[in-house]
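As provided, coords.cif (mmCIF, C-alpha atoms) reads as follows.
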```cif
data_my_file
loop_
_atom_site.label_atom_id
_atom_site.label_comp_id
_atom_site.auth_asym_id
_atom_site.auth_seq_id
_atom_site.Cartn_x
_atom_site.Cartn_y
_atom_site.Cartn_z
CA MET A 1 23.42 -1.47 23.52
CA ASN A 2 20.80 1.16 22.76
CA TYR A 3 20.30 3.20 25.94
CA SER A 4 16.54 3.44 25.37
CA SER A 5 16.24 -0.35 25.75
CA VAL A 6 17.94 -0.30 29.16
CA THR A 7 15.51 -0.48 32.08
CA LYS A 8 15.19 2.79 33.97
CA PRO A 9 12.97 4.09 36.79
CA ALA A 10 9.51 4.90 35.44
CA LYS A 11 8.59 7.41 38.11
CA ILE A 12 9.76 10.97 37.51
CA LEU A 13 10.40 12.80 40.76
CA ASN A 14 8.75 16.19 41.27
CA LEU A 15 6.24 15.55 38.47
CA GLU A 16 2.59 15.66 39.46
CA SER A 17 0.72 12.38 39.86
CA LEU A 18 -2.40 11.37 37.96
CA SER A 19 -4.37 11.89 41.15
CA ASP A 20 -3.18 15.49 41.36
CA LEU A 21 -3.82 16.18 37.68
CA ASN A 22 -7.29 14.65 37.82
CA GLU A 23 -8.38 17.29 40.30
CA ARG A 24 -8.34 19.68 37.32
CA LEU A 25 -10.26 17.34 34.99
CA TYR A 26 -13.93 16.38 34.73
CA LEU A 27 -14.82 13.00 33.24
CA ILE A 28 -17.99 12.95 31.15
CA ARG A 29 -19.35 9.64 29.84
CA ALA A 30 -21.88 9.66 27.01
CA HIS A 31 -23.32 7.31 24.42
CA ASP A 32 -21.26 7.43 21.26
CA SER A 33 -23.49 8.54 18.42
CA SER A 34 -20.76 9.66 16.02
CA TYR A 35 -19.88 6.30 14.49
CA LEU A 36 -23.06 4.26 14.45
CA ASP A 37 -24.27 1.95 11.72
CA THR A 38 -27.34 3.98 10.88
CA LYS A 39 -28.32 1.84 7.88
CA SER A 40 -28.48 -1.49 9.66
CA THR A 41 -31.82 -3.10 10.51
CA ASP A 42 -30.09 -5.80 12.56
CA HIS A 43 -31.51 -5.64 16.11
CA LYS A 44 -28.30 -6.95 17.71
CA LYS A 45 -26.18 -4.32 15.97
CA ALA A 46 -28.57 -1.63 17.14
CA GLU A 47 -28.17 -2.86 20.73
CA ASN A 48 -24.39 -2.86 20.40
CA ASN A 49 -24.45 0.67 19.02
CA ALA A 50 -26.44 1.80 22.04
CA GLU A 51 -23.79 0.39 24.39
CA ARG A 52 -20.85 2.22 22.84
CA PHE A 53 -19.48 5.02 24.97
CA VAL A 54 -17.28 8.03 24.40
CA PHE A 55 -15.48 9.73 27.27
CA ASN A 56 -14.61 13.43 27.41
CA LEU A 57 -12.02 14.88 29.74
CA GLN A 58 -13.29 18.40 30.28
CA THR A 59 -11.18 21.25 31.60
CA SER A 60 -11.93 24.77 32.73
CA ASP A 61 -11.22 25.79 29.12
CA ILE A 62 -14.13 24.81 26.89
CA ASN A 63 -11.74 24.52 23.93
CA ILE A 64 -9.62 21.83 25.61
CA GLN A 65 -11.59 18.57 25.76
CA PRO A 66 -9.86 15.41 24.50
CA THR A 67 -12.07 12.38 23.85
CA ILE A 68 -11.26 8.73 24.54
CA ARG A 69 -12.91 5.59 23.19
CA LEU A 70 -12.33 1.93 23.92
CA VAL A 71 -11.98 0.26 20.52
CA ASN A 72 -11.30 -3.01 18.76
CA CYS A 73 -8.19 -2.69 16.64
CA LYS A 74 -7.77 -4.41 13.29
CA SER A 75 -4.38 -4.67 11.59
CA ILE A 76 -2.13 -7.13 9.78
CA ARG A 77 -0.47 -7.58 13.15
CA LYS A 78 -2.80 -9.17 15.69
CA TYR A 79 -3.81 -7.04 18.68
CA THR A 80 -6.37 -9.44 20.12
CA ASN A 81 -4.74 -9.48 23.56
CA TYR A 82 -4.47 -5.72 23.81
CA GLN A 83 -7.03 -3.34 25.22
CA CYS A 84 -7.04 -0.42 22.80
CA PHE A 85 -8.00 3.22 23.26
CA VAL A 86 -8.23 5.88 20.58
CA VAL A 87 -7.68 9.47 21.65
CA GLU A 88 -8.75 12.60 19.77
CA PRO A 89 -7.22 15.80 21.18
CA LYS A 90 -10.49 17.44 20.18
CA GLU A 91 -13.67 16.17 18.57
CA LYS A 92 -13.22 15.18 14.89
CA ALA A 93 -9.52 16.05 15.01
CA THR A 94 -7.15 15.21 12.21
CA GLY A 95 -4.28 13.71 14.14
CA ILE A 96 -5.13 10.96 16.63
CA ALA A 97 -3.32 8.34 18.68
CA VAL A 98 -4.09 4.74 19.54
CA VAL A 99 -2.85 3.41 22.87
CA MET A 100 -2.67 -0.38 23.26
CA ILE A 101 -2.06 -1.91 26.67
CA LYS A 102 -1.59 -5.49 27.82
CA LEU A 103 -0.58 -7.22 31.02
CA ASP A 104 1.53 -10.13 29.78
CA ASP A 105 2.05 -11.48 33.28
CA PRO A 106 2.34 -9.84 36.70
CA LYS A 107 5.84 -8.72 35.75
CA ALA A 108 5.39 -7.32 32.26
CA PHE A 109 3.03 -4.55 31.20
CA PHE A 110 3.12 -3.44 27.58
CA CYS A 111 2.09 0.02 26.41
CA ASN A 112 2.25 0.49 22.66
CA VAL A 113 1.43 3.89 21.19
CA ARG A 114 0.51 4.39 17.53
CA ILE A 115 0.57 8.01 16.36
CA LEU A 116 -1.53 8.89 13.30
CA PRO A 117 -0.63 12.56 12.75
CA LEU A 118 -2.63 13.14 9.56
CA THR A 119 -5.52 10.73 10.06
CA ALA A 120 -8.98 11.36 11.50
CA LEU A 121 -10.96 8.73 13.37
CA SER A 122 -13.55 8.73 10.59
CA ASP A 123 -10.82 7.58 8.18
CA ILE A 124 -10.25 4.32 10.06
CA ALA A 125 -13.56 3.68 11.86
CA ALA A 126 -15.69 0.69 10.86
CA PRO A 127 -19.09 1.46 12.43
CA GLU A 128 -20.83 -1.44 10.67
CA THR A 129 -18.87 -4.07 12.58
CA ASP A 130 -21.04 -6.12 14.95
CA SER A 131 -19.35 -5.19 18.21
CA LYS A 132 -20.07 -3.40 21.45
CA LEU A 133 -16.86 -1.44 20.82
CA LEU A 134 -16.11 0.70 17.81
CA THR A 135 -13.73 -1.12 15.47
CA ILE A 136 -10.85 0.71 13.81
CA ASN A 137 -8.68 -0.50 10.94
CA LEU A 138 -5.10 0.78 11.19
CA GLU A 139 -4.37 -0.34 7.64
CA LYS A 140 -6.44 2.63 6.45
CA ALA A 141 -4.22 5.19 8.19
CA LYS A 142 -2.06 7.46 6.02
CA TRP A 143 1.03 7.44 8.20
CA ILE A 144 1.71 5.59 11.45
CA LEU A 145 4.54 6.26 13.88
CA LYS A 146 5.07 4.10 16.93
CA THR A 147 6.77 3.73 20.24
CA ASP A 148 6.49 0.55 22.33
CA ILE A 149 7.16 0.59 26.05
CA THR A 150 7.48 -2.19 28.62
CA ILE A 151 6.96 -1.49 32.33
CA THR A 152 8.09 -4.00 34.96
CA PRO A 153 8.38 -3.99 38.75
CA SER A 154 11.81 -4.21 40.37
CA ASP A 155 12.89 -6.15 43.46
CA THR A 156 12.27 -3.03 45.52
CA GLY A 157 8.76 -2.57 44.11
CA GLU A 158 9.74 0.43 42.01
CA ALA A 159 8.40 0.37 38.45
CA LEU A 160 11.00 0.26 35.69
CA TYR A 161 10.53 0.85 31.98
CA SER A 162 12.31 0.24 28.70
CA VAL A 163 11.62 1.29 25.13
CA HIS A 164 11.91 -1.53 22.64
CA ASP A 165 10.58 -0.28 19.32
CA VAL A 166 10.40 3.24 17.90
CA ASP A 167 9.58 3.79 14.23
CA VAL A 168 9.25 7.16 12.50
CA SER A 169 10.10 5.99 8.98
CA ALA A 170 6.54 6.61 7.75
CA VAL A 171 7.15 10.38 7.73
CA SER A 172 10.77 10.36 6.55
CA ASP A 173 9.71 11.86 3.20
CA LEU A 174 7.99 14.79 4.93
CA ILE A 175 10.95 15.97 7.00
CA THR A 176 14.72 16.23 6.74
CA ASN A 177 17.12 13.51 7.89
CA GLU A 178 18.09 15.68 10.85
CA GLN A 179 14.44 16.10 11.85
CA THR A 180 13.86 12.35 11.50
CA VAL A 181 16.72 11.63 13.90
CA GLU A 182 15.50 14.34 16.29
CA LEU A 183 11.94 13.01 16.26
CA LYS A 184 13.03 9.44 16.92
CA ARG A 185 15.14 10.55 19.87
CA GLU A 186 12.23 12.63 21.18
CA LEU A 187 9.91 9.61 21.12
CA GLU A 188 12.56 7.25 22.52
CA PHE A 189 13.48 9.40 25.46
CA GLN A 190 11.30 12.35 26.53
CA VAL A 191 7.95 11.08 25.22
CA SER A 192 8.37 7.47 26.31
CA ARG A 193 9.66 8.51 29.71
CA LEU A 194 6.59 10.65 30.36
CA ILE A 195 4.24 7.90 29.15
CA ALA A 196 5.94 5.39 31.45
CA HIS A 197 5.62 7.80 34.37
CA TYR A 198 1.86 8.04 34.00
CA PHE A 199 1.12 4.43 33.13
CA GLN A 200 3.13 3.01 36.03
CA GLN A 201 0.61 4.76 38.26
CA ILE A 202 -2.30 2.65 36.99
CA LEU A 203 -0.52 -0.70 37.19
CA ARG A 204 -2.40 -1.54 40.39
CA ILE A 205 -5.73 -1.21 38.55
CA ILE A 206 -4.64 -3.50 35.74
CA ALA A 207 -2.67 -5.96 37.88
CA ASN A 208 -5.58 -6.43 40.28
CA GLU A 209 -7.84 -7.53 37.45
CA GLY A 210 -5.19 -9.84 35.98
CA ALA A 211 -4.40 -11.47 39.30
CA GLU A 212 -7.96 -11.94 40.50
CA ASN A 213 -9.88 -12.96 37.43
CA HIS A 214 -7.73 -13.62 34.41
CA SER A 215 -4.64 -15.58 35.39
CA LYS A 216 -4.75 -17.49 32.11
CA ASN A 217 -5.95 -14.65 29.91
CA THR A 218 -3.79 -11.59 29.36
CA LEU A 219 -6.69 -9.44 28.19
CA PHE A 220 -8.50 -7.45 30.84
CA PRO A 221 -11.91 -6.92 29.27
CA SER A 222 -13.60 -3.67 28.40
CA GLU A 223 -16.41 -4.58 30.81
CA TYR A 224 -13.89 -4.45 33.65
CA ILE A 225 -12.74 -0.97 32.63
CA LEU A 226 -16.27 0.38 32.22
CA LYS A 227 -17.22 -0.87 35.70
CA LEU A 228 -14.24 0.61 37.50
CA PRO A 229 -14.92 3.04 40.35
CA GLN A 230 -15.10 6.59 39.05
CA ASP A 231 -11.69 7.64 40.37
CA GLN A 232 -9.93 4.59 38.88
CA LEU A 233 -11.74 4.94 35.56
CA LYS A 234 -10.68 8.57 35.45
CA GLU A 235 -7.06 7.63 36.12
CA MET A 236 -7.14 4.93 33.44
CA LEU A 237 -8.57 7.27 30.82
CA SER A 238 -6.49 10.30 31.75
CA ALA A 239 -3.30 8.21 31.52
CA ASN A 240 -4.30 7.33 27.96
CA ALA A 241 -5.27 10.89 27.05
CA ILE A 242 -2.13 12.46 28.51
CA SER A 243 0.16 9.89 26.87
CA ALA A 244 -1.54 10.25 23.49
CA CYS A 245 -1.42 14.05 23.60
CA ILE A 246 2.25 14.10 24.60
CA ALA A 247 3.04 11.96 21.56
CA LEU A 248 0.81 13.98 19.23
CA GLU A 249 2.39 17.23 20.36
CA ALA A 250 5.91 15.94 19.70
CA VAL A 251 5.02 14.72 16.22
CA GLY A 252 2.91 17.78 15.44
CA TYR A 253 5.70 20.17 16.33
CA THR A 254 8.27 18.37 14.15
CA VAL A 255 6.23 16.89 11.30
CA VAL A 256 2.75 18.36 10.94
CA GLN A 257 3.38 21.99 11.84
CA ASP A 258 0.98 24.04 9.67
CA LEU A 259 -0.20 21.16 7.46
CA ASN A 260 -3.00 20.77 9.99
CA ARG A 261 -3.31 22.64 13.25
CA ASP A 262 -5.45 20.16 15.18
CA TRP A 263 -2.32 18.83 16.94
CA ARG A 264 -2.22 22.11 18.81
CA ALA A 265 -5.25 20.93 20.78
CA ALA A 266 -3.01 18.17 22.15
CA ALA A 267 -0.37 20.75 23.01
CA ALA A 268 -2.97 22.94 24.74
CA PHE A 269 -4.15 19.98 26.86
CA ILE A 270 -0.60 19.16 27.96
CA ASN A 271 0.18 22.82 28.68
CA TYR A 272 -3.03 23.07 30.71
CA LEU A 273 -2.00 20.13 32.89
CA LEU A 274 1.78 20.29 33.01
#
```
For the structure just supplied, provide its representation as structure tokens.
Amino acid sequence: MNYSSVTKPAKILNLESLSDLNERLYLIRAHDSSYLDTKSTDHKKAENNAERFVFNLQTSDINIQPTIRLVNCKSIRKYTNYQCFVVEPKEKATGIAVVMIKLDDPKAFFCNVRILPLTALSDIAAPETDSKLLTINLEKAKWILKTDITITPSDTGEALYSVHDVDVSAVSDLITNEQTVELKRELEFQVSRLIAHYFQQILRIIANEGAENHSKNTLFPSEYILKLPQDQLKEMLSANAISACIALEAVGYTVVQDLNRDWRAAAAFINYLL
């Protein structure tokens, strides 16, 4: 049996909580004007554009400000039951990550991370789509790496996690066989473990919505997220940003290196916090 698929404690002892980390972050919410359908004369589309938001996590360093957007995700594989977030380590970065989360039932929370190390948001954005959320098309990405994580509660109430799908084959032509093996292990173990640690801390936010309002629907809607109390919204978004930047840093260090240096913004954000 692959050890990464074995359930293990999600909480890492002696690692700061999201609540602690968020004391060093400032959440800024603004209307998203970067990916609007400026040519449309459709009144409904114009209204939807006005309701799109982008979130910035600001730090004491003006150069470290990752951005997070709630998005609709298009792909050959259906992601209709996932709430998706796209994270840029800095504005207009080449090298982004998409985090997809879903509460399958009260005992199974899925967190799937797609790492696009040489793709910019503008490459995959579809601003003309009639939606209150920006739509992205993953089929337009140049290379996609992935790690899929499942988090479940135990009998003692402690969150457990397992890693059930890691794929780095998309970049196998860019790096050596040894680097490919190293990168896969990095995503399977260190990266996935850190992601599980931070996402297990927001399970209460997601589980509350699933239990109270959507017992027959596994999707917790974007409206629910946008209306969360400020502290919970900040935890939700920072969990996504931290997880995305951890993954981007790992891939950037091994694969991207000097092909594009935007991944270093992800590394700077993680170094600032951790």
Since I can't run it myself right now, could you work out what the PyMOL selection byres ((chain A and resi 179-184) around 12) selects here and report it as a ChimeraX atom specification? /A:4,145-147,163,165-178,185-192,247-256
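For the residues A:Ile136, A:Leu121, A:Leu25, A:Leu228, ranking by smallest atom-to-atom distance to Phe269 (chain A) using all atoms listed in the file places A:Leu25 first.
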Output, as lines of an AutoDock Vina configuration file, the centre and edge lengths in Å (one decimal) of the axis-aligned box that contains all listed atoms of region 84-87 of chain A with 3 Å of margin on each side.
```
center_x = -7.6
center_y = 4.5
center_z = 21.9
size_x = 7.2
size_y = 15.9
size_z = 8.7
```
Quick one: which residues end up in the PyMOL selection byres ((chain A and resi 59) around 9) for this structure, as a PDB file with C-alpha atoms, in the coordinates of the input?
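What follows is the written file expr.pdb:
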```
ATOM      1  CA  ARG A  24      -8.340  19.680  37.320  1.00  0.00           C
ATOM      2  CA  LEU A  25     -10.260  17.340  34.990  1.00  0.00           C
ATOM      3  CA  TYR A  26     -13.930  16.380  34.730  1.00  0.00           C
ATOM      4  CA  LEU A  57     -12.020  14.880  29.740  1.00  0.00           C
ATOM      5  CA  GLN A  58     -13.290  18.400  30.280  1.00  0.00           C
ATOM      6  CA  SER A  60     -11.930  24.770  32.730  1.00  0.00           C
ATOM      7  CA  ASP A  61     -11.220  25.790  29.120  1.00  0.00           C
ATOM      8  CA  ILE A  62     -14.130  24.810  26.890  1.00  0.00           C
ATOM      9  CA  ASN A  63     -11.740  24.520  23.930  1.00  0.00           C
ATOM     10  CA  ILE A  64      -9.620  21.830  25.610  1.00  0.00           C
ATOM     11  CA  GLN A  65     -11.590  18.570  25.760  1.00  0.00           C
ATOM     12  CA  PHE A 269      -4.150  19.980  26.860  1.00  0.00           C
ATOM     13  CA  TYR A 272      -3.030  23.070  30.710  1.00  0.00           C
TER      14      TYR A 272
END
```
I need the residue set behind the PyMOL selection byres ((chain A and resi 152-161) around 7) for this file; please write it as JSON, numbers by chain. {"A": [7, 8, 9, 10, 107, 108, 109, 149, 150, 151, 162, 163, 196, 200]}
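You can rank A:Ile225, A:Leu70, A:Ala241, A:Val6 by their closest distance to Thr135 (chain A) using all atoms listed in the file, and at the top of that list sits A:Leu70.
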Closest to Tyr35 (chain A) among A:Ser222, A:Ser122, A:Ser238, A:Thr67, using only C-alpha atoms? A:Ser122
Nearest to Pro127 (chain A), chosen from A:Asp32, A:Asp231, A:Asp105, A:Glu223, with only C-alpha atoms counted in the distances: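 Of the candidates, the smallest distance to Pro127 (chain A) is held by A:Asp32.
For the pair CA of Asp262 (chain A) and CA of Leu233 (chain A), the interatomic distance is 26.2 Å.
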Quick one: pull the distance between CA of Asn271 (chain A) and CA of Leu18 (chain A), Å, one decimal. 15.0 Å
Using Å and a single decimal, report how far CA of Glu23 (chain A) sits from CA of Leu273 (chain A).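 Answer for the CA of Leu273 (chain A) to CA of Glu23 (chain A) separation: 10.2 Å.
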Using all atoms listed in the file: which of A:Ala30, A:Ile246, A:Leu194, A:Val98 has the shortest distance to Ser17 (chain A):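 Checking each of A:Ala30, A:Ile246, A:Leu194, A:Val98 against Ser17 (chain A), counting all atoms listed in the file, the winner is A:Leu194.
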Closest of A:Cys73, A:Ile270, A:Met100, A:Leu21 to Asn137 (chain A) - atom-to-atom distances counting all atoms listed in the file: A:Cys73
Please, which residues are within 8 Å of (-13.2, 2.7, 5.2) by the file's coordinates, counting all atoms listed in the file, and could they come as a count of residues only? 6
Leu226 (chain A) environment, 12 Å, all atoms listed in the file, sequence neighbours closer than 5 positions dropped, as a PyMOL selection string: chain A and resi 29+51-55+69-70+133+220-221+231-234+236-237
Emit the selected residues as a CSV table (one decimal), keeping the file's coordinate frame, including C-alpha atoms.
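The new file part09.csv reads:
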```csv
chain,number,residue,atom,x,y,z
A,29,ARG,CA,-19.4,9.6,29.8
A,51,GLU,CA,-23.8,0.4,24.4
A,52,ARG,CA,-20.8,2.2,22.8
A,53,PHE,CA,-19.5,5.0,25.0
A,54,VAL,CA,-17.3,8.0,24.4
A,55,PHE,CA,-15.5,9.7,27.3
A,69,ARG,CA,-12.9,5.6,23.2
A,70,LEU,CA,-12.3,1.9,23.9
A,133,LEU,CA,-16.9,-1.4,20.8
A,220,PHE,CA,-8.5,-7.4,30.8
A,221,PRO,CA,-11.9,-6.9,29.3
A,231,ASP,CA,-11.7,7.6,40.4
A,232,GLN,CA,-9.9,4.6,38.9
A,233,LEU,CA,-11.7,4.9,35.6
A,234,LYS,CA,-10.7,8.6,35.4
A,236,MET,CA,-7.1,4.9,33.4
A,237,LEU,CA,-8.6,7.3,30.8
```
